[in-house]
file upload23.txt (compact mmCIF, C-alpha atoms and all ligand atoms)
# COMPACT_ATOMS: atom_id res chain seq x y z
CA MET U 809 0.00 0.00 0.00
CA LYS U 810 1.02 3.59 -0.49
CA LYS U 811 1.23 6.44 1.96
CA LEU U 812 -1.55 8.93 2.23
CA LEU U 813 -0.34 12.45 2.94
CA LEU U 814 -1.99 13.31 6.21
CA VAL U 815 -0.87 16.90 6.06
CA LEU U 816 -0.23 19.27 3.24
CA MET U 817 3.30 19.91 2.11
CA LEU U 818 5.01 22.11 4.64
CA MET U 819 7.13 24.19 2.35
CA PRO U 820 5.33 24.55 -0.93
CA THR U 821 6.98 27.94 -1.39
CA VAL U 822 10.11 26.01 -2.29
CA LEU U 823 9.84 25.54 -6.03
CA MET U 824 9.77 22.02 -7.33
CA ALA U 825 13.20 22.61 -8.81
CA SER U 826 15.47 24.34 -6.37
CA ASP U 827 18.20 26.66 -7.63
CA TYR U 828 20.02 26.36 -4.33
CA GLN U 829 23.77 26.64 -4.95
CA PRO U 830 26.12 25.30 -2.29
CA ALA U 831 29.27 27.29 -1.55
CA ALA U 832 32.27 25.61 -3.17
CA GLY U 833 33.76 23.11 -0.74
CA ALA U 834 30.85 23.38 1.70
CA ASN U 835 30.64 20.29 3.88
CA GLY U 836 27.66 17.95 4.11
CA ALA U 837 26.35 19.25 7.41
CA GLN U 838 26.40 22.82 6.14
CA ILE U 839 24.54 22.02 2.93
CA TYR U 840 22.08 19.94 4.84
CA ARG U 841 21.30 22.78 7.24
CA GLU U 842 20.84 25.25 4.41
CA ALA U 843 18.90 23.20 1.89
CA CYS U 844 17.33 20.20 3.56
CA ALA U 845 16.63 20.81 7.25
CA ALA U 846 13.52 22.88 6.53
CA CYS U 847 11.71 19.71 5.46
CA HIS U 848 13.75 16.91 6.92
CA GLY U 849 14.37 18.47 10.33
CA ASP U 850 17.66 19.27 12.04
CA ASP U 851 18.42 15.64 12.80
CA GLY U 852 16.91 14.06 9.69
CA MET U 853 13.98 12.69 11.67
CA GLY U 854 11.55 14.82 9.72
CA LYS U 855 9.98 18.07 10.74
CA PHE U 856 7.17 17.42 13.21
CA GLY U 857 7.93 13.70 12.92
CA LEU U 858 6.08 13.48 9.63
CA PHE U 859 6.86 11.73 6.41
CA PHE U 860 10.27 13.25 5.76
CA ASP U 861 12.23 10.87 7.97
CA LEU U 862 15.69 10.37 6.46
CA SER U 863 17.38 8.74 9.41
CA THR U 864 15.70 5.43 8.70
CA SER U 865 16.16 5.60 4.94
CA VAL U 866 17.38 2.33 3.47
CA MET U 867 18.54 3.96 0.24
CA LEU U 868 21.99 3.33 -1.14
CA ALA U 869 24.27 6.28 -1.78
CA ASP U 870 23.66 6.20 -5.52
CA GLU U 871 19.90 6.15 -5.14
CA MET U 872 20.09 9.05 -2.71
CA LYS U 873 22.13 11.07 -5.15
CA LYS U 874 19.49 10.49 -7.76
CA VAL U 875 16.69 11.65 -5.47
CA ILE U 876 18.62 14.76 -4.51
CA GLN U 877 19.39 15.70 -8.10
CA GLN U 878 16.08 14.71 -9.65
CA GLY U 879 13.65 15.21 -6.79
CA GLY U 880 10.74 12.99 -5.81
CA MET U 881 7.00 13.11 -5.84
CA MET U 882 7.09 16.17 -3.59
CA MET U 883 10.74 16.66 -2.95
CA PRO U 884 12.33 19.43 -5.03
CA SER U 885 15.28 18.60 -7.27
CA PHE U 886 18.69 20.04 -6.44
CA ALA U 887 20.55 19.92 -9.74
CA ASN U 888 23.25 22.27 -8.48
CA ILE U 889 24.46 19.98 -5.74
CA ASN U 890 26.99 17.67 -7.33
CA GLY U 891 30.54 16.36 -7.20
CA LYS U 892 32.34 16.66 -3.88
CA GLU U 893 29.48 18.53 -2.25
CA LEU U 894 27.01 15.81 -3.18
CA ASP U 895 29.32 13.09 -1.82
CA GLY U 896 29.73 15.00 1.43
CA LEU U 897 26.00 15.54 1.76
CA VAL U 898 25.15 11.88 1.22
CA ALA U 899 27.81 10.82 3.72
CA TYR U 900 26.33 13.26 6.19
CA ILE U 901 22.80 11.87 5.75
CA GLN U 902 24.06 8.34 6.19
CA SER U 903 25.75 9.38 9.40
CA LEU U 904 22.38 10.63 10.71
CA GLY U 905 21.08 7.09 10.44
CA ASP U 906 24.01 5.75 12.43
CA VAL U 907 23.40 8.09 15.29
CA VAL U 908 19.81 6.97 15.49
CA ALA U 909 20.76 3.31 15.25
CA VAL U 910 23.14 3.75 18.16
CA LYS U 911 20.52 5.60 20.17
CA GLU U 912 18.07 2.77 19.77
CA LYS U 913 20.34 0.13 21.23
CA MET Q 1429 -21.89 13.60 17.87
CA LEU Q 1430 -19.27 14.57 20.41
CA ILE Q 1431 -16.27 12.38 21.14
CA ASN Q 1432 -16.23 10.55 24.47
CA LYS Q 1433 -13.33 11.92 26.48
CA HIS Q 1434 -11.93 8.45 27.14
CA GLU Q 1435 -11.83 7.76 23.40
CA ASP Q 1436 -10.18 10.97 22.27
CA PRO Q 1437 -6.70 10.10 20.98
CA ILE Q 1438 -6.04 13.38 19.14
CA GLY Q 1439 -7.28 15.53 21.99
CA SER Q 1440 -5.32 13.53 24.58
CA ALA Q 1441 -2.15 13.83 22.53
CA LEU Q 1442 -2.65 17.57 22.07
CA LEU Q 1443 -3.24 18.04 25.79
CA ASP Q 1444 -0.10 16.08 26.71
CA PHE Q 1445 1.94 18.05 24.23
CA TYR Q 1446 0.56 21.33 25.52
CA GLN Q 1447 1.16 20.48 29.17
CA THR Q 1448 4.46 18.60 29.03
CA SER Q 1449 5.85 19.12 25.50
CA GLU Q 1450 5.74 15.36 25.16
CA ASP Q 1451 5.52 14.70 21.43
CA THR Q 1452 4.50 11.02 21.29
CA ASN Q 1453 3.05 10.29 17.87
CA ILE Q 1454 -0.59 9.59 17.20
CA GLN Q 1455 -0.83 6.24 15.38
CA VAL Q 1456 -2.95 6.43 12.26
CA GLU Q 1457 -4.41 3.40 10.49
CA MET Q 1458 -6.36 3.72 7.26
CA ASP Q 1459 -8.16 1.18 5.12
CA ILE Q 1460 -6.61 2.35 1.85
CA ALA Q 1461 -3.11 3.38 2.93
CA GLU Q 1462 -0.08 2.31 4.86
CA LYS Q 1463 -0.20 3.07 8.54
CA ASP Q 1464 1.39 6.31 9.51
CA THR Q 1465 1.97 8.61 12.42
CA LEU Q 1466 1.08 12.18 13.15
CA ALA Q 1467 3.02 14.33 15.60
CA PRO Q 1468 0.91 16.33 18.07
CA SER Q 1469 3.35 19.22 17.63
CA TYR Q 1470 2.11 19.65 14.07
CA PHE Q 1471 -1.22 20.91 15.40
CA PHE Q 1472 0.63 23.71 17.19
CA ARG Q 1473 2.08 25.21 14.02
CA SER Q 1474 2.65 28.93 13.77
CA PHE Q 1475 1.49 30.92 10.76
CA ASP Q 1476 4.93 30.56 9.16
CA GLU Q 1477 4.88 26.81 9.66
CA CYS Q 1478 1.50 26.34 8.00
CA PRO Q 1479 1.35 24.94 4.48
CA GLN Q 1480 0.87 27.69 1.96
CA LEU Q 1481 -2.77 26.86 1.23
CA GLU Q 1482 -3.59 27.37 4.90
CA ARG Q 1483 -1.78 30.69 4.97
CA VAL Q 1484 -3.76 31.89 1.98
CA ALA Q 1485 -6.97 30.76 3.68
CA LEU Q 1486 -6.08 32.71 6.82
CA GLN Q 1487 -5.43 35.80 4.75
CA GLN Q 1488 -8.76 35.42 2.96
CA ALA Q 1489 -10.74 34.96 6.17
CA SER Q 1490 -12.83 38.02 6.91
CA GLY Q 1491 -15.50 39.27 9.29
CA LYS Q 1492 -16.82 36.92 11.93
CA VAL Q 1493 -15.07 33.56 11.58
CA LEU Q 1494 -16.07 30.04 12.64
CA ASP Q 1495 -13.11 27.63 12.71
CA VAL Q 1496 -14.72 24.19 12.41
CA GLY Q 1497 -12.80 21.19 13.78
CA ALA Q 1498 -10.23 23.61 15.12
CA GLY Q 1499 -8.03 21.00 16.87
CA ALA Q 1500 -5.40 22.82 18.93
CA GLY Q 1501 -6.80 26.11 17.64
CA SER Q 1502 -3.65 27.36 15.93
CA HIS Q 1503 -5.51 28.99 13.05
CA SER Q 1504 -8.03 30.62 15.37
CA LEU Q 1505 -5.29 31.89 17.62
CA TYR Q 1506 -3.57 33.52 14.69
CA LEU Q 1507 -6.79 35.26 13.64
CA GLN Q 1508 -7.60 36.32 17.19
CA GLN Q 1509 -4.12 37.79 17.56
CA ASN Q 1510 -4.82 39.80 14.45
CA GLY Q 1511 -7.86 41.31 16.06
CA MET Q 1512 -10.49 39.18 14.37
CA ASP Q 1513 -13.69 37.86 15.90
CA VAL Q 1514 -13.24 34.10 15.79
CA THR Q 1515 -15.10 31.18 17.33
CA ALA Q 1516 -13.52 27.71 17.40
CA ILE Q 1517 -15.54 24.52 17.66
CA ASP Q 1518 -14.50 20.89 17.91
CA VAL Q 1519 -16.09 17.58 18.91
CA SER Q 1520 -12.99 16.59 20.87
CA PRO Q 1521 -13.28 17.50 24.57
CA HIS Q 1522 -9.53 17.50 25.22
CA SER Q 1523 -8.86 19.61 22.15
CA VAL Q 1524 -11.38 22.12 23.40
CA SER Q 1525 -9.65 22.32 26.75
CA VAL Q 1526 -6.30 22.86 25.00
CA MET Q 1527 -7.83 25.75 23.06
CA GLN Q 1528 -9.19 27.30 26.23
CA LYS Q 1529 -5.81 26.99 27.92
CA ARG Q 1530 -4.10 28.58 24.93
CA GLY Q 1531 -6.17 31.70 25.47
CA LEU Q 1532 -8.78 31.53 22.76
CA SER Q 1533 -11.73 33.53 24.00
CA LYS Q 1534 -14.53 31.84 22.04
CA VAL Q 1535 -14.31 28.06 22.14
CA LYS Q 1536 -17.19 25.60 22.07
CA LEU Q 1537 -17.38 21.85 22.38
CA ALA Q 1538 -19.81 21.25 19.54
CA ASP Q 1539 -20.55 19.23 16.46
CA PHE Q 1540 -20.77 21.32 13.30
CA PHE Q 1541 -23.98 19.56 12.28
CA GLU Q 1542 -25.63 20.50 15.58
CA PHE Q 1543 -24.21 23.99 15.97
CA ASN Q 1544 -26.78 26.78 15.82
CA GLU Q 1545 -25.13 30.00 16.85
CA GLY Q 1546 -24.72 32.01 13.65
CA ALA Q 1547 -24.22 33.93 11.63
CA PHE Q 1548 -20.64 33.95 10.34
CA ASP Q 1549 -18.93 35.66 7.42
CA THR Q 1550 -16.35 32.89 7.08
CA LEU Q 1551 -16.52 29.18 7.84
CA LEU Q 1552 -13.04 27.64 7.95
CA PHE Q 1553 -12.37 23.94 7.42
CA LEU Q 1554 -8.60 23.49 7.34
CA MET Q 1555 -6.43 20.38 7.23
CA ASN Q 1556 -9.07 18.68 5.11
CA GLY Q 1557 -11.70 19.67 7.67
CA ILE Q 1558 -14.37 19.01 5.05
CA GLY Q 1559 -13.64 15.35 5.82
CA LEU Q 1560 -16.41 15.62 8.39
CA VAL Q 1561 -19.00 15.03 5.66
CA LYS Q 1562 -17.67 11.44 5.74
CA THR Q 1563 -18.92 10.41 2.27
CA LEU Q 1564 -20.01 12.12 -0.94
CA ASP Q 1565 -23.60 11.67 0.22
CA GLY Q 1566 -22.82 13.82 3.21
CA PHE Q 1567 -22.53 17.03 1.18
CA ASP Q 1568 -26.26 17.57 1.10
CA ALA Q 1569 -26.56 17.90 4.86
CA PHE Q 1570 -23.32 19.86 4.95
CA PHE Q 1571 -24.48 22.59 2.60
CA LYS Q 1572 -27.88 22.80 4.27
CA LYS Q 1573 -26.18 23.37 7.60
CA ALA Q 1574 -23.67 25.81 6.14
CA LYS Q 1575 -26.47 27.96 4.73
CA THR Q 1576 -27.98 28.35 8.20
CA LEU Q 1577 -24.65 29.43 9.66
CA LEU Q 1578 -23.55 31.84 6.93
CA ALA Q 1579 -24.25 35.56 7.00
CA PRO Q 1580 -25.34 37.13 3.69
CA ASN Q 1581 -22.34 37.13 1.32
CA GLY Q 1582 -20.52 34.77 3.67
CA GLN Q 1583 -17.92 32.31 2.44
CA ILE Q 1584 -16.67 28.80 3.19
CA LEU Q 1585 -12.91 28.23 2.92
CA LEU Q 1586 -11.66 24.66 2.82
CA ASP Q 1587 -8.68 22.65 1.64
CA SER Q 1588 -8.75 19.07 0.42
CA SER Q 1589 -6.94 16.83 -2.01
CA ASP Q 1590 -7.67 14.21 -4.61
CA LEU Q 1591 -6.44 10.82 -3.38
CA ILE Q 1592 -6.11 9.63 -6.96
CA TYR Q 1593 -2.35 9.48 -6.33
CA MET Q 1594 -2.95 6.52 -4.04
CA TYR Q 1595 -4.04 4.53 -7.06
CA GLU Q 1596 -1.35 5.47 -9.53
CA GLU Q 1597 0.46 2.53 -11.09
CA ASP Q 1598 4.14 2.54 -12.01
CA ASP Q 1599 3.30 3.26 -15.63
CA GLY Q 1600 1.36 6.40 -14.69
CA SER Q 1601 -2.11 4.90 -15.20
CA TYR Q 1602 -4.70 4.72 -12.44
CA LEU Q 1603 -6.23 1.55 -11.11
CA ILE Q 1604 -9.66 2.22 -9.70
CA ASP Q 1605 -12.58 -0.10 -9.14
CA LEU Q 1606 -15.60 1.93 -10.18
CA ASN Q 1607 -17.94 -0.41 -8.33
CA ASP Q 1608 -16.15 0.31 -5.11
CA LYS Q 1609 -16.84 3.32 -2.86
CA TYR Q 1610 -15.45 6.70 -4.01
CA HIS Q 1611 -11.67 6.62 -3.78
CA GLY Q 1612 -11.52 9.54 -1.35
CA GLU Q 1613 -13.68 7.92 1.34
CA VAL Q 1614 -11.23 6.74 3.96
CA GLU Q 1615 -11.83 4.76 7.13
CA PHE Q 1616 -9.54 5.90 9.96
CA ASN Q 1617 -8.53 4.21 13.20
CA LEU Q 1618 -6.54 6.41 15.52
CA SER Q 1619 -4.74 5.62 18.72
CA TYR Q 1620 -2.42 7.39 21.10
CA LYS Q 1621 -0.57 5.41 23.76
CA LYS Q 1622 -3.30 3.18 25.23
CA ILE Q 1623 -6.13 5.38 24.05
CA LYS Q 1624 -8.07 4.07 21.06
CA GLY Q 1625 -10.60 6.18 19.25
CA ALA Q 1626 -13.76 4.88 17.63
CA PRO Q 1627 -13.16 4.22 13.92
CA PHE Q 1628 -14.51 6.99 11.71
CA ARG Q 1629 -14.87 7.89 8.06
CA TRP Q 1630 -13.31 10.99 6.55
CA LEU Q 1631 -13.67 12.27 3.00
CA TYR Q 1632 -10.96 13.61 0.70
CA VAL Q 1633 -12.65 15.12 -2.32
CA SER Q 1634 -11.43 16.08 -5.78
CA GLU Q 1635 -12.05 19.58 -7.12
CA GLU Q 1636 -14.50 18.33 -9.74
CA LEU Q 1637 -16.70 16.47 -7.29
CA LEU Q 1638 -16.67 19.34 -4.81
CA ILE Q 1639 -17.75 21.76 -7.53
CA ASP Q 1640 -20.56 19.39 -8.58
CA ALA Q 1641 -21.79 18.89 -5.05
CA ALA Q 1642 -21.67 22.62 -4.38
CA GLN Q 1643 -23.69 23.46 -7.48
CA GLN Q 1644 -26.32 20.89 -6.62
CA SER Q 1645 -26.83 22.64 -3.31
CA GLY Q 1646 -26.85 26.15 -4.73
CA PHE Q 1647 -23.25 27.08 -3.96
CA GLU Q 1648 -20.66 28.65 -6.19
CA CYS Q 1649 -17.26 26.99 -5.82
CA GLU Q 1650 -14.06 28.71 -6.82
CA ILE Q 1651 -10.66 27.01 -6.56
CA ILE Q 1652 -8.52 29.87 -5.33
CA GLN Q 1653 -5.22 28.07 -5.18
CA HIS Q 1654 -3.62 24.78 -6.10
CA GLY Q 1655 -1.08 23.13 -3.85
CA PRO Q 1656 1.91 21.10 -5.00
CA HIS Q 1657 0.39 17.69 -4.48
CA TYR Q 1658 -3.19 17.17 -5.76
CA ASP Q 1659 -4.32 19.61 -3.10
CA TYR Q 1660 -6.26 22.83 -3.40
CA LEU Q 1661 -7.98 25.60 -1.50
CA ALA Q 1662 -11.60 26.33 -2.37
CA LYS Q 1663 -13.90 29.22 -1.62
CA LEU Q 1664 -17.64 28.55 -1.65
CA THR Q 1665 -20.39 31.11 -1.63
CA VAL Q 1666 -24.15 30.91 -1.95
CA GLN Q 1667 -25.20 31.39 -5.58
CA ALA Q 1668 -26.74 34.80 -6.06
CA SER Q 1669 -29.91 33.48 -7.66
CA SER Q 1670 -30.53 30.78 -5.13
CA PRO Q 1671 -33.16 31.50 -2.47
CA ILE Q 1672 -31.85 30.89 1.03
C1 LIG T 1701 -7.56 16.92 11.01
S1 LIG T 1701 -8.12 17.76 12.47
C2 LIG T 1701 -7.77 19.44 12.02
C3 LIG T 1701 -7.40 20.34 13.17
C4 LIG T 1701 -7.13 21.80 12.84
N1 LIG T 1701 -8.16 22.38 11.98
C5 LIG T 1701 -5.77 21.95 12.18
O1 LIG T 1701 -5.73 22.30 11.00
O2 LIG T 1701 -4.76 21.77 12.87
C6 LIG T 1701 -9.87 17.62 12.35
C7 LIG T 1701 -10.63 18.05 13.60
O3 LIG T 1701 -12.04 18.06 13.31
C8 LIG T 1701 -12.76 17.64 14.44
N2 LIG T 1701 -14.08 17.21 13.99
C9 LIG T 1701 -14.40 16.06 13.35
N3 LIG T 1701 -15.72 16.01 13.07
C10 LIG T 1701 -16.27 17.17 13.51
C11 LIG T 1701 -17.59 17.72 13.54
N4 LIG T 1701 -18.62 17.05 13.02
N5 LIG T 1701 -17.79 18.95 14.10
C12 LIG T 1701 -16.73 19.63 14.62
N6 LIG T 1701 -15.46 19.16 14.64
C13 LIG T 1701 -15.22 17.95 14.11
C14 LIG T 1701 -11.85 16.56 15.03
O4 LIG T 1701 -12.10 16.37 16.41
C15 LIG T 1701 -10.44 17.14 14.77
O5 LIG T 1701 -9.97 17.89 15.87
call {"tool": "encode", "arguments": {"input": "upload23.txt", "output": "C-alpha cells", "more": "lines below"}}
Ligand SMILES: C[S@@+](CC[C@H](N)C(=O)[O-])C[C@H]1O[C@@H](n2cnc3c(N)ncnc32)[C@H](O)[C@@H]1O
result
Amino acid sequence: MKKLLLVLMLMPTVLMASDYQPAAGANGAQIYREACAACHGDDGMGKFGLFFDLSTSVMLADEMKKVIQQGGMMMPSFANINGKELDGLVAYIQSLGDVVAVKEK
Amino acid sequence: MLINKHEDPIGSALLDFYQTSEDTNIQVEMDIAEKDTLAPSYFFRSFDECPQLERVALQQASGKVLDVGAGAGSHSLYLQQNGMDVTAIDVSPHSVSVMQKRGLSKVKLADFFEFNEGAFDTLLFLMNGIGLVKTLDGFDAFFKKAKTLLAPNGQILLDSSDLIYMYEEDDGSYLIDLNDKYHGEVEFNLSYKKIKGAPFRWLYVSEELLIDAAQQSGFECEIIQHGPHYDYLAKLTVQASSPI
C-alpha cells in the first residue's frame, strides 16, 4: 500500500526545482542545514515527525544522489548539488542514520 | 456527535503536548493506505509553519469567523491575535480544553452539524476539515447546515486533495474499481498510547466532485489556489440566484 499524505506539504513555497547553490567546498552538514533541514528536520527525523524521515532511509548512496538531483513526488530537485558537495551531503545523511541506530540500542 | 473523552486520541495527545511538550506520535491506520503517524506538535504550528494553502486561507478569512474542527486552535489563535472575531468549535473535549488553555476567547465543544449560533462571514475547514461530511452523500446535509450558519455574502474556505495518487500505477495509469466506494472515502482508526478512538470515516474530495456537489446545493465553488500535491484551496459562496 502507499502512503496517504496526512498533512499538506510544509514548504510549498520552495519551487519544485530548487536553484540552491552550495558554496564551493561546503561540507555535508552545512549544505544539509541550508537546503534540507527545513523539510527533513535538524536531525533528519523529519519536521514534526512526519513523512520526511531520512534517518531510517534504506537507500543506497547512488539512489540518494538520484533523489537529490532529480527530486521525488514532492521533494524538489537540487541539480546544483553535485561532485564533492554531493558526496559529502550523502555521507552526512548516512551518518544521521548511524546516530539513530546507536541511540536505539 | 461529540467524542467521548476516554476515546479521544487526538485531543489527549494535544493536551499532553501542551502540558508537558511530550511529542509522542498519534498512530494512524487507514483502510486504503499504509499506517502512519502524526506528531501532536504539528497541530501547534505557527502561521509561518503552516502549508501555503492554509496561509492563503487565513489571509482570505474576513469578518466573523467560525473555525470548524479547530483542533489545537492554531488557526483561530492567529486570527484572534490579528484582532479578528473568531469562534472555534471541535467535537474533541480534550482539544477544546487545549484551546481554552491557549487563550482563545470563544471556544465551544460542539458538532458542526448541531451547531446553531450564527451567523458567520467565514466558515473555515482546514487540514481537510471538510472530511467531516464522511462520504459524498454527506454534502447535502453539509451545505444545508452551512447555509444556516452563513451571513449574507458569507464564504466557506476549505482545503482538500484528490487521493487519486494513491491509485497510480508505475506506468502512470490509475487503477480504480468503479464499483467500489469513491476513492476519497477513507476509514480511519486512531490511537495514542493506550487510548483508542472509535473508527470513523473521513472524506478527501477532488475539485471536480466538490464543484458538482456545491452546485447541486446552490453554492458557487471557486478554486482559489492549487497546492503542489493534488491539493487545493476552495472558496464557496451561496449562488446569487438561489433563495436561502
Ligand atoms: C484533522 S483535524 C484538524 C485540526 C485543525 N483544523 C488543524 O488544521 O490543525 C480535524 C478536527 O475536526 C474535528 N471534527 C471532526 N468532526 C467534527 C464535527 N462534526 N464537528 C466539529 N469538529 C469535528 C476533530 O475532532 C479534529 O480535531
call {"tool": "closest_residue", "arguments": {"input": "upload23.txt", "among": "Q:Ala1467, Q:Met1429, Q:Leu1486, Q:Ile1558", "to": "chain U", "atoms": "all atoms listed in the file"}}
result
Q:Ala1467
call {"tool": "interface_residues", "arguments": {"input": "upload23.txt", "of": "chain Q", "to": "chain U", "cutoff": "6 Å", "atoms": "only C-alpha atoms", "output": "VMD selection string"}}
result
chain Q and resid 1461 to 1462 1467 1470 1479
call {"tool": "write_last_selection", "arguments": {"input": "upload23.txt", "atoms": "C-alpha atoms", "output": "tab-separated table (two decimals), in the frame of the given file"}}
result
chain	number	residue	atom	x	y	z
Q	1461	ALA	CA	-3.11	3.38	2.93
Q	1462	GLU	CA	-0.08	2.31	4.86
Q	1467	ALA	CA	3.02	14.33	15.60
Q	1470	TYR	CA	2.11	19.65	14.07
Q	1479	PRO	CA	1.35	24.94	4.48
call {"tool": "residues_around", "arguments": {"input": "upload23.txt", "residues": "Ile1431 in chain Q", "least_positions_apart": "6", "cutoff": "10 Å", "atoms": "only C-alpha atoms", "output": "number ranges by chain"}}
result
Q: 1437, 1439, 1518-1522, 1537-1539, 1625-1626
call {"tool": "atom_distance", "arguments": {"input": "upload23.txt", "atom1": "CA of Gln1455 in chain Q", "atom2": "CA of Glu1482 in chain Q"}}
result
23.7 Å
call {"tool": "residues_around", "arguments": {"input": "upload23.txt", "residues": "range 826-831 of chain U", "least_positions_apart": "3", "cutoff": "12 Å", "atoms": "all atoms listed in the file", "output": "ChimeraX atom specification"}}
result
/U:820-823,834-844,876-879,883-894,896-897
call {"tool": "write_last_selection", "arguments": {"input": "upload23.txt", "atoms": "C-alpha atoms", "output": "mmCIF file, in the coordinates of the input"}}
result
data_model
loop_
_atom_site.group_PDB
_atom_site.id
_atom_site.type_symbol
_atom_site.label_atom_id
_atom_site.label_comp_id
_atom_site.auth_asym_id
_atom_site.auth_seq_id
_atom_site.Cartn_x
_atom_site.Cartn_y
_atom_site.Cartn_z
ATOM 1 C CA PRO U 820 5.330 24.550 -0.930
ATOM 2 C CA THR U 821 6.980 27.940 -1.390
ATOM 3 C CA VAL U 822 10.110 26.010 -2.290
ATOM 4 C CA LEU U 823 9.840 25.540 -6.030
ATOM 5 C CA ALA U 834 30.850 23.380 1.700
ATOM 6 C CA ASN U 835 30.640 20.290 3.880
ATOM 7 C CA GLY U 836 27.660 17.950 4.110
ATOM 8 C CA ALA U 837 26.350 19.250 7.410
ATOM 9 C CA GLN U 838 26.400 22.820 6.140
ATOM 10 C CA ILE U 839 24.540 22.020 2.930
ATOM 11 C CA TYR U 840 22.080 19.940 4.840
ATOM 12 C CA ARG U 841 21.300 22.780 7.240
ATOM 13 C CA GLU U 842 20.840 25.250 4.410
ATOM 14 C CA ALA U 843 18.900 23.200 1.890
ATOM 15 C CA CYS U 844 17.330 20.200 3.560
ATOM 16 C CA ILE U 876 18.620 14.760 -4.510
ATOM 17 C CA GLN U 877 19.390 15.700 -8.100
ATOM 18 C CA GLN U 878 16.080 14.710 -9.650
ATOM 19 C CA GLY U 879 13.650 15.210 -6.790
ATOM 20 C CA MET U 883 10.740 16.660 -2.950
ATOM 21 C CA PRO U 884 12.330 19.430 -5.030
ATOM 22 C CA SER U 885 15.280 18.600 -7.270
ATOM 23 C CA PHE U 886 18.690 20.040 -6.440
ATOM 24 C CA ALA U 887 20.550 19.920 -9.740
ATOM 25 C CA ASN U 888 23.250 22.270 -8.480
ATOM 26 C CA ILE U 889 24.460 19.980 -5.740
ATOM 27 C CA ASN U 890 26.990 17.670 -7.330
ATOM 28 C CA GLY U 891 30.540 16.360 -7.200
ATOM 29 C CA LYS U 892 32.340 16.660 -3.880
ATOM 30 C CA GLU U 893 29.480 18.530 -2.250
ATOM 31 C CA LEU U 894 27.010 15.810 -3.180
ATOM 32 C CA GLY U 896 29.730 15.000 1.430
ATOM 33 C CA LEU U 897 26.000 15.540 1.760
#
call {"tool": "atom_distance", "arguments": {"input": "upload23.txt", "atom1": "CA of Asn1544 in chain Q", "atom2": "CA of Arg1530 in chain Q"}}
result
24.5 Å
call {"tool": "closest_atom_pairs", "arguments": {"input": "upload23.txt", "of": "chain Q", "to": "ligand LIG 1701 (chain T)", "cutoff": "8 Å", "atoms": "all atoms listed in the file", "output": "JSON lines"}}
result
{"residue": "Q:Met1429", "atom": "CA", "partner": "T:LIG1701", "partner_atom": "N4", "distance": 6.8}
{"residue": "Q:Leu1430", "atom": "CA", "partner": "T:LIG1701", "partner_atom": "C11", "distance": 7.7}
{"residue": "Q:Ile1431", "atom": "CA", "partner": "T:LIG1701", "partner_atom": "O4", "distance": 7.5}
{"residue": "Q:Ile1438", "atom": "CA", "partner": "T:LIG1701", "partner_atom": "O5", "distance": 6.8}
{"residue": "Q:Gly1439", "atom": "CA", "partner": "T:LIG1701", "partner_atom": "O5", "distance": 7.1}
{"residue": "Q:Tyr1470", "atom": "CA", "partner": "T:LIG1701", "partner_atom": "O2", "distance": 7.3}
{"residue": "Q:Phe1471", "atom": "CA", "partner": "T:LIG1701", "partner_atom": "O2", "distance": 4.4}
{"residue": "Q:Phe1472", "atom": "CA", "partner": "T:LIG1701", "partner_atom": "O2", "distance": 7.2}
{"residue": "Q:Arg1473", "atom": "CA", "partner": "T:LIG1701", "partner_atom": "O2", "distance": 7.7}
{"residue": "Q:Asp1495", "atom": "CA", "partner": "T:LIG1701", "partner_atom": "N1", "distance": 7.3}
{"residue": "Q:Val1496", "atom": "CA", "partner": "T:LIG1701", "partner_atom": "C12", "distance": 5.5}
{"residue": "Q:Gly1497", "atom": "CA", "partner": "T:LIG1701", "partner_atom": "O3", "distance": 3.3}
{"residue": "Q:Ala1498", "atom": "CA", "partner": "T:LIG1701", "partner_atom": "N1", "distance": 4.0}
{"residue": "Q:Gly1499", "atom": "CA", "partner": "T:LIG1701", "partner_atom": "O5", "distance": 3.8}
{"residue": "Q:Ala1500", "atom": "CA", "partner": "T:LIG1701", "partner_atom": "O2", "distance": 6.2}
{"residue": "Q:Gly1501", "atom": "CA", "partner": "T:LIG1701", "partner_atom": "C4", "distance": 6.5}
{"residue": "Q:Ser1502", "atom": "CA", "partner": "T:LIG1701", "partner_atom": "O2", "distance": 6.5}
{"residue": "Q:His1503", "atom": "CA", "partner": "T:LIG1701", "partner_atom": "O1", "distance": 7.0}
{"residue": "Q:Ile1517", "atom": "CA", "partner": "T:LIG1701", "partner_atom": "C12", "distance": 5.9}
{"residue": "Q:Asp1518", "atom": "CA", "partner": "T:LIG1701", "partner_atom": "N6", "distance": 3.8}
{"residue": "Q:Val1519", "atom": "CA", "partner": "T:LIG1701", "partner_atom": "N6", "distance": 4.6}
{"residue": "Q:Ser1520", "atom": "CA", "partner": "T:LIG1701", "partner_atom": "O4", "distance": 4.6}
{"residue": "Q:Ser1523", "atom": "CA", "partner": "T:LIG1701", "partner_atom": "O5", "distance": 6.6}
{"residue": "Q:Ala1538", "atom": "CA", "partner": "T:LIG1701", "partner_atom": "C12", "distance": 6.0}
{"residue": "Q:Asp1539", "atom": "CA", "partner": "T:LIG1701", "partner_atom": "N5", "distance": 3.6}
{"residue": "Q:Phe1540", "atom": "CA", "partner": "T:LIG1701", "partner_atom": "N5", "distance": 3.9}
{"residue": "Q:Phe1541", "atom": "CA", "partner": "T:LIG1701", "partner_atom": "N4", "distance": 6.0}
{"residue": "Q:Phe1553", "atom": "CA", "partner": "T:LIG1701", "partner_atom": "N1", "distance": 6.4}
{"residue": "Q:Leu1554", "atom": "CA", "partner": "T:LIG1701", "partner_atom": "N1", "distance": 4.8}
{"residue": "Q:Met1555", "atom": "CA", "partner": "T:LIG1701", "partner_atom": "O1", "distance": 4.3}
{"residue": "Q:Asn1556", "atom": "CA", "partner": "T:LIG1701", "partner_atom": "C1", "distance": 6.3}
{"residue": "Q:Gly1557", "atom": "CA", "partner": "T:LIG1701", "partner_atom": "C6", "distance": 5.4}
{"residue": "Q:Gly1559", "atom": "CA", "partner": "T:LIG1701", "partner_atom": "N3", "distance": 7.6}
{"residue": "Q:Leu1560", "atom": "CA", "partner": "T:LIG1701", "partner_atom": "N3", "distance": 4.7}
{"residue": "Q:Val1561", "atom": "CA", "partner": "T:LIG1701", "partner_atom": "N4", "distance": 7.6}
call {"tool": "atom_distance", "arguments": {"input": "upload23.txt", "atom1": "CA of Gly852 in chain U", "atom2": "CA of Glu1450 in chain Q"}}
result
19.1 Å
